[in-house]
Every structure is written in C-alpha cells, then in structure tokens.
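Shown next, in structure tokens, is the structure this report addresses.
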Amino acid sequence: MWAVHPNQGWQPRQPPGYGPPPGWGPPPKPSTAPAFLAGGLWLLVSVLCFVLAGLNTADGVGQTPRAAVALIGIMLPPGIVGNGDAVIAATYTAGGVVLLLVVLLFARLGFARWIAAALGFLVVVYYIFAIVRLTTFHGGTFIIVPGVALLLWLAASMVSVLPPVGRAMR
C-alpha cells in the first residue's frame, strides 16, 4: 500500500496510469492553435479586401459589378461615395489594417484581437446594410459576393472574441 521513494520518504502509492495527484505540478500551457486560427481567418479577410479592391482598381468601379458591390462603402449614398475611388481606397485600407493586425495576432499580442474584432463587427454591420439595400433595390442576384464577405468578416470576428483565443494570447 505504501511505497518508499528514495528521496521523499513514505508516499501513498497511486494506481498505475493515473499520473500525479491533482494539484501537483504546474498547470499545462494553453494551446496556441486558436490564436493562429484567428490569424488565419483574418488573413483570408485581408486577401479578400485586396482582391475586391484590385478587381475594381484598373478599370474603375463598375467593370466587375458583382465584385464592386462588395467594396466597403459602395452602397452608401452617392453624395458620400462620389466616383468610387474613396471606396476602393477604403477597401485597400481595411485590408492593410487587417494584415497589420494579422502580424500582431501571430505575435500573440492580445490587444490586436480586440481591435480586429471591433473593426470586423463594424464592417459586418455595413455588409448587413449593403445586403438589405441591394435586396430592396431588386439587386438580389448581386448579394452573393457581399454575402460571402459578410460571412468571412463575421467568422473572423466571432473567432477572435472566443475565450480560447484569449488564453492562447498569453
């Protein structure tokens, strides 16, 4: 029943295969996989922004109408948008900011996930507005690309605020 360890005296014997009693030793380190999963999703968001803006940069907005409706800000009133160059710049800027936050997420800096999530939820609200506006103006066939963008931004934002991602940042 009792076993003698050469350095510690009498110790109660544990059944084989059960490991040390609870509370002994340091707690296991959390996995870093959730942080890299969140960073990977944000990397996809950044690539999507660059692709959408790039498709509409060379020939101007309107050459690829199914992709142009997914530019960030294009569905705002024409008095705000102007000729469309501002929304291309906004989409490039969002992609660049997200790419910077991806680097910070891969470095496991905790504040980056909150900034990315805040930006993501703001863009999700815009894409919901854009899809509703497209639907009310009978542009239902054009909601596929904004819908995909909405889902990707929403998934990245939701994963970023999960508790395992926060533990992975430590």
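In the structure tokens, chains take the letters A, B, ... in the order shown, each chain's residues start at 1, and ligands count up from 1 in the order shown.
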
*asked:* Using only C-alpha atoms, which protein or nucleic acid residues come within 10 Å of Gly40 in chain A? Drop anything in the same chain fewer than 6 positions from it, and give the result as a list in words.
replied: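 Using only C-alpha atoms, the neighbours found are Pro34, Ser46, Val102, Leu105, Phe106 and Ala156 of chain A.
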
Thr32 in chain A surroundings by only C-alpha atoms, 8 Å radius, close-in-sequence under 2 positions cut, as an mmCIF file with N, CA, C and O atoms, in the first residue's frame:
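File written: selection.cif
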```cif
data_model
loop_
_atom_site.group_PDB
_atom_site.id
_atom_site.type_symbol
_atom_site.label_atom_id
_atom_site.label_comp_id
_atom_site.auth_asym_id
_atom_site.auth_seq_id
_atom_site.Cartn_x
_atom_site.Cartn_y
_atom_site.Cartn_z
ATOM 1 N N PRO A 30 -1.705 26.651 -22.250
ATOM 2 C CA PRO A 30 -2.775 26.580 -23.250
ATOM 3 C C PRO A 30 -2.193 26.489 -24.660
ATOM 4 O O PRO A 30 -1.098 26.966 -24.934
ATOM 5 N N PRO A 34 -5.647 28.264 -31.295
ATOM 6 C CA PRO A 34 -6.735 29.217 -31.536
ATOM 7 C C PRO A 34 -6.255 30.584 -32.010
ATOM 8 O O PRO A 34 -6.915 31.224 -32.829
ATOM 9 N N ALA A 35 -5.107 31.034 -31.526
ATOM 10 C CA ALA A 35 -4.573 32.328 -31.967
ATOM 11 C C ALA A 35 -4.209 32.270 -33.449
ATOM 12 O O ALA A 35 -4.480 33.206 -34.210
ATOM 13 N N PHE A 36 -3.616 31.168 -33.862
ATOM 14 C CA PHE A 36 -3.242 31.039 -35.267
ATOM 15 C C PHE A 36 -4.458 30.801 -36.155
ATOM 16 O O PHE A 36 -4.466 31.212 -37.317
ATOM 17 N N VAL A 165 -9.114 31.797 -27.636
ATOM 18 C CA VAL A 165 -8.178 32.678 -28.333
ATOM 19 C C VAL A 165 -7.509 33.602 -27.333
ATOM 20 O O VAL A 165 -6.313 33.862 -27.419
ATOM 21 N N ALA A 168 -4.897 31.688 -25.569
ATOM 22 C CA ALA A 168 -3.754 31.414 -26.453
ATOM 23 C C ALA A 168 -2.844 32.620 -26.600
ATOM 24 O O ALA A 168 -1.700 32.487 -27.004
ATOM 25 N N MET A 169 -3.350 33.798 -26.297
ATOM 26 C CA MET A 169 -2.555 35.018 -26.422
ATOM 27 C C MET A 169 -1.587 35.189 -25.256
ATOM 28 O O MET A 169 -0.703 36.038 -25.311
#
```

Under the rule of at most 8 Å, produce a per-residue listing of range 34-91 of chain A near range 124-134 of chain A: chain, number, name, the closest pair of atoms, and the distance in Å, as CSV, using only C-alpha atoms.
```
residue,atom,partner,partner_atom,distance
A:Ala70,CA,A:Tyr127,CA,7.9
A:Ile72,CA,A:Tyr126,CA,7.7
A:Gly73,CA,A:Tyr126,CA,7.6
A:Met75,CA,A:Ala130,CA,5.6
```

Those residues with N, CA and C atoms, as a PDB file, in the first residue's frame please?
```pdb
ATOM      1  N   ALA A  70     -19.345  44.610 -53.362  1.00  0.00           N
ATOM      2  CA  ALA A  70     -18.781  44.154 -52.094  1.00  0.00           C
ATOM      3  C   ALA A  70     -17.691  45.073 -51.574  1.00  0.00           C
ATOM      4  N   ILE A  72     -16.117  48.060 -49.598  1.00  0.00           N
ATOM      5  CA  ILE A  72     -16.575  48.633 -48.334  1.00  0.00           C
ATOM      6  C   ILE A  72     -16.966  50.091 -48.553  1.00  0.00           C
ATOM      7  N   GLY A  73     -18.253  50.380 -48.434  1.00  0.00           N
ATOM      8  CA  GLY A  73     -18.766  51.738 -48.549  1.00  0.00           C
ATOM      9  C   GLY A  73     -19.471  52.040 -49.853  1.00  0.00           C
ATOM     10  N   MET A  75     -22.243  51.039 -51.085  1.00  0.00           N
ATOM     11  CA  MET A  75     -23.699  51.137 -51.009  1.00  0.00           C
ATOM     12  C   MET A  75     -24.164  52.368 -50.222  1.00  0.00           C
TER      13      MET A  75
END
```

*Extract, using only C-alpha atoms, all DNA, RNA and protein residues at most 12 Å from range 86-92 of chain A, discarding same-chain residues fewer than 4 positions from it, and format them as a VMD selection string.*
chain A and resid 45 to 62 67 to 82 96 to 99 123 149

Produce a file of the selected residues containing N, CA and C atoms, as a CSV table (one decimal), in the first residue's frame.
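What follows is the written file result_17.csv:
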```
chain,number,residue,atom,x,y,z
A,45,VAL,N,-9.6,37.4,-44.7
A,45,VAL,CA,-10.3,38.7,-44.9
A,45,VAL,C,-9.4,39.7,-45.6
A,46,SER,N,-8.2,39.8,-45.2
A,46,SER,CA,-7.3,40.7,-45.8
A,46,SER,C,-7.1,40.4,-47.3
A,47,VAL,N,-6.9,39.2,-47.7
A,47,VAL,CA,-6.8,38.8,-49.1
A,47,VAL,C,-8.1,39.1,-49.8
A,48,LEU,N,-9.2,38.9,-49.2
A,48,LEU,CA,-10.5,39.2,-49.9
A,48,LEU,C,-10.6,40.7,-50.2
A,49,CYS,N,-10.2,41.6,-49.2
A,49,CYS,CA,-10.2,43.0,-49.4
A,49,CYS,C,-9.3,43.4,-50.6
A,50,PHE,N,-8.1,42.9,-50.6
A,50,PHE,CA,-7.2,43.2,-51.7
A,50,PHE,C,-7.7,42.7,-53.0
A,51,VAL,N,-8.3,41.6,-53.1
A,51,VAL,CA,-8.8,41.1,-54.4
A,51,VAL,C,-10.0,41.9,-54.8
A,52,LEU,N,-10.9,42.2,-53.9
A,52,LEU,CA,-12.0,43.1,-54.3
A,52,LEU,C,-11.6,44.4,-54.8
A,53,ALA,N,-10.7,45.1,-54.1
A,53,ALA,CA,-10.2,46.4,-54.5
A,53,ALA,C,-9.4,46.3,-55.8
A,54,GLY,N,-8.6,45.2,-55.9
A,54,GLY,CA,-7.8,45.1,-57.1
A,54,GLY,C,-8.6,44.9,-58.4
A,55,LEU,N,-9.7,44.1,-58.2
A,55,LEU,CA,-10.6,43.9,-59.4
A,55,LEU,C,-11.2,45.2,-59.9
A,56,ASN,N,-11.4,46.2,-59.0
A,56,ASN,CA,-12.0,47.4,-59.4
A,56,ASN,C,-11.1,48.6,-59.6
A,57,THR,N,-9.8,48.4,-59.4
A,57,THR,CA,-8.8,49.5,-59.5
A,57,THR,C,-8.5,49.8,-60.9
A,58,ALA,N,-8.2,48.8,-61.7
A,58,ALA,CA,-7.6,49.0,-63.1
A,58,ALA,C,-8.6,49.8,-64.0
A,59,ASP,N,-9.8,49.3,-64.0
A,59,ASP,CA,-10.8,49.9,-65.0
A,59,ASP,C,-11.8,50.8,-64.3
A,60,GLY,N,-11.7,51.0,-63.0
A,60,GLY,CA,-12.7,51.8,-62.3
A,60,GLY,C,-13.8,50.9,-61.8
A,61,VAL,N,-14.6,51.5,-60.9
A,61,VAL,CA,-15.7,50.8,-60.3
A,61,VAL,C,-16.8,50.6,-61.4
A,62,GLY,N,-17.3,49.4,-61.4
A,62,GLY,CA,-18.4,49.1,-62.4
A,62,GLY,C,-18.0,48.2,-63.5
A,67,ALA,N,-18.4,42.1,-58.1
A,67,ALA,CA,-17.4,42.3,-57.1
A,67,ALA,C,-17.5,43.7,-56.5
A,68,ALA,N,-17.9,44.7,-57.4
A,68,ALA,CA,-17.9,46.1,-57.0
A,68,ALA,C,-18.9,46.3,-55.9
A,69,VAL,N,-20.0,45.6,-55.8
A,69,VAL,CA,-21.0,45.8,-54.8
A,69,VAL,C,-20.5,45.3,-53.4
A,70,ALA,N,-19.3,44.6,-53.4
A,70,ALA,CA,-18.8,44.2,-52.1
A,70,ALA,C,-17.7,45.1,-51.6
A,71,LEU,N,-17.4,46.1,-52.3
A,71,LEU,CA,-16.4,47.1,-51.8
A,71,LEU,C,-17.0,47.8,-50.6
A,72,ILE,N,-16.1,48.1,-49.6
A,72,ILE,CA,-16.6,48.6,-48.3
A,72,ILE,C,-17.0,50.1,-48.6
A,73,GLY,N,-18.3,50.4,-48.4
A,73,GLY,CA,-18.8,51.7,-48.5
A,73,GLY,C,-19.5,52.0,-49.9
A,74,ILE,N,-19.5,51.1,-50.8
A,74,ILE,CA,-20.1,51.4,-52.1
A,74,ILE,C,-21.6,51.6,-52.1
A,75,MET,N,-22.2,51.0,-51.1
A,75,MET,CA,-23.7,51.1,-51.0
A,75,MET,C,-24.2,52.4,-50.2
A,76,LEU,N,-23.2,53.2,-49.8
A,76,LEU,CA,-23.6,54.5,-49.1
A,76,LEU,C,-24.2,55.4,-50.2
A,77,PRO,N,-24.9,56.5,-49.8
A,77,PRO,CA,-25.5,57.4,-50.8
A,77,PRO,C,-24.4,58.0,-51.7
A,78,PRO,N,-24.7,58.3,-53.0
A,78,PRO,CA,-23.8,58.8,-53.9
A,78,PRO,C,-23.1,60.1,-53.5
A,79,GLY,N,-23.8,60.9,-52.7
A,79,GLY,CA,-23.2,62.1,-52.2
A,79,GLY,C,-21.9,61.9,-51.3
A,80,ILE,N,-21.9,60.8,-50.7
A,80,ILE,CA,-20.8,60.4,-49.8
A,80,ILE,C,-19.7,59.7,-50.6
A,81,VAL,N,-20.1,58.8,-51.4
A,81,VAL,CA,-19.2,57.9,-52.2
A,81,VAL,C,-18.5,58.7,-53.3
A,82,GLY,N,-19.2,59.5,-54.0
A,82,GLY,CA,-18.5,60.2,-55.1
A,82,GLY,C,-18.4,59.3,-56.3
A,96,GLY,N,-5.2,46.5,-45.5
A,96,GLY,CA,-3.9,46.7,-44.9
A,96,GLY,C,-3.9,46.7,-43.4
A,97,VAL,N,-5.0,47.3,-42.8
A,97,VAL,CA,-5.1,47.3,-41.4
A,97,VAL,C,-5.3,45.9,-40.8
A,98,VAL,N,-6.1,45.1,-41.5
A,98,VAL,CA,-6.3,43.7,-41.1
A,98,VAL,C,-5.0,43.0,-41.2
A,99,LEU,N,-4.2,43.2,-42.3
A,99,LEU,CA,-3.0,42.5,-42.5
A,99,LEU,C,-2.0,42.8,-41.3
A,123,VAL,N,-17.6,46.4,-39.8
A,123,VAL,CA,-17.8,46.0,-41.2
A,123,VAL,C,-18.9,45.1,-41.4
A,149,ALA,N,-18.5,37.9,-48.2
A,149,ALA,CA,-17.7,38.8,-47.4
A,149,ALA,C,-18.2,39.0,-46.0
```

*In chain A, what's strand (DSSP E) per DSSP? Answer as a PyMOL selection string?*
chain A and resi 2-5+9-12

*Enumerate the residues of range 28-126 of chain A with a DSSP assignment of helix (DSSP H, G or I), computed from the backbone, and present them as a PyMOL selection string.*
chain A and resi 33-55+65-68+78-81+85-106+110-126
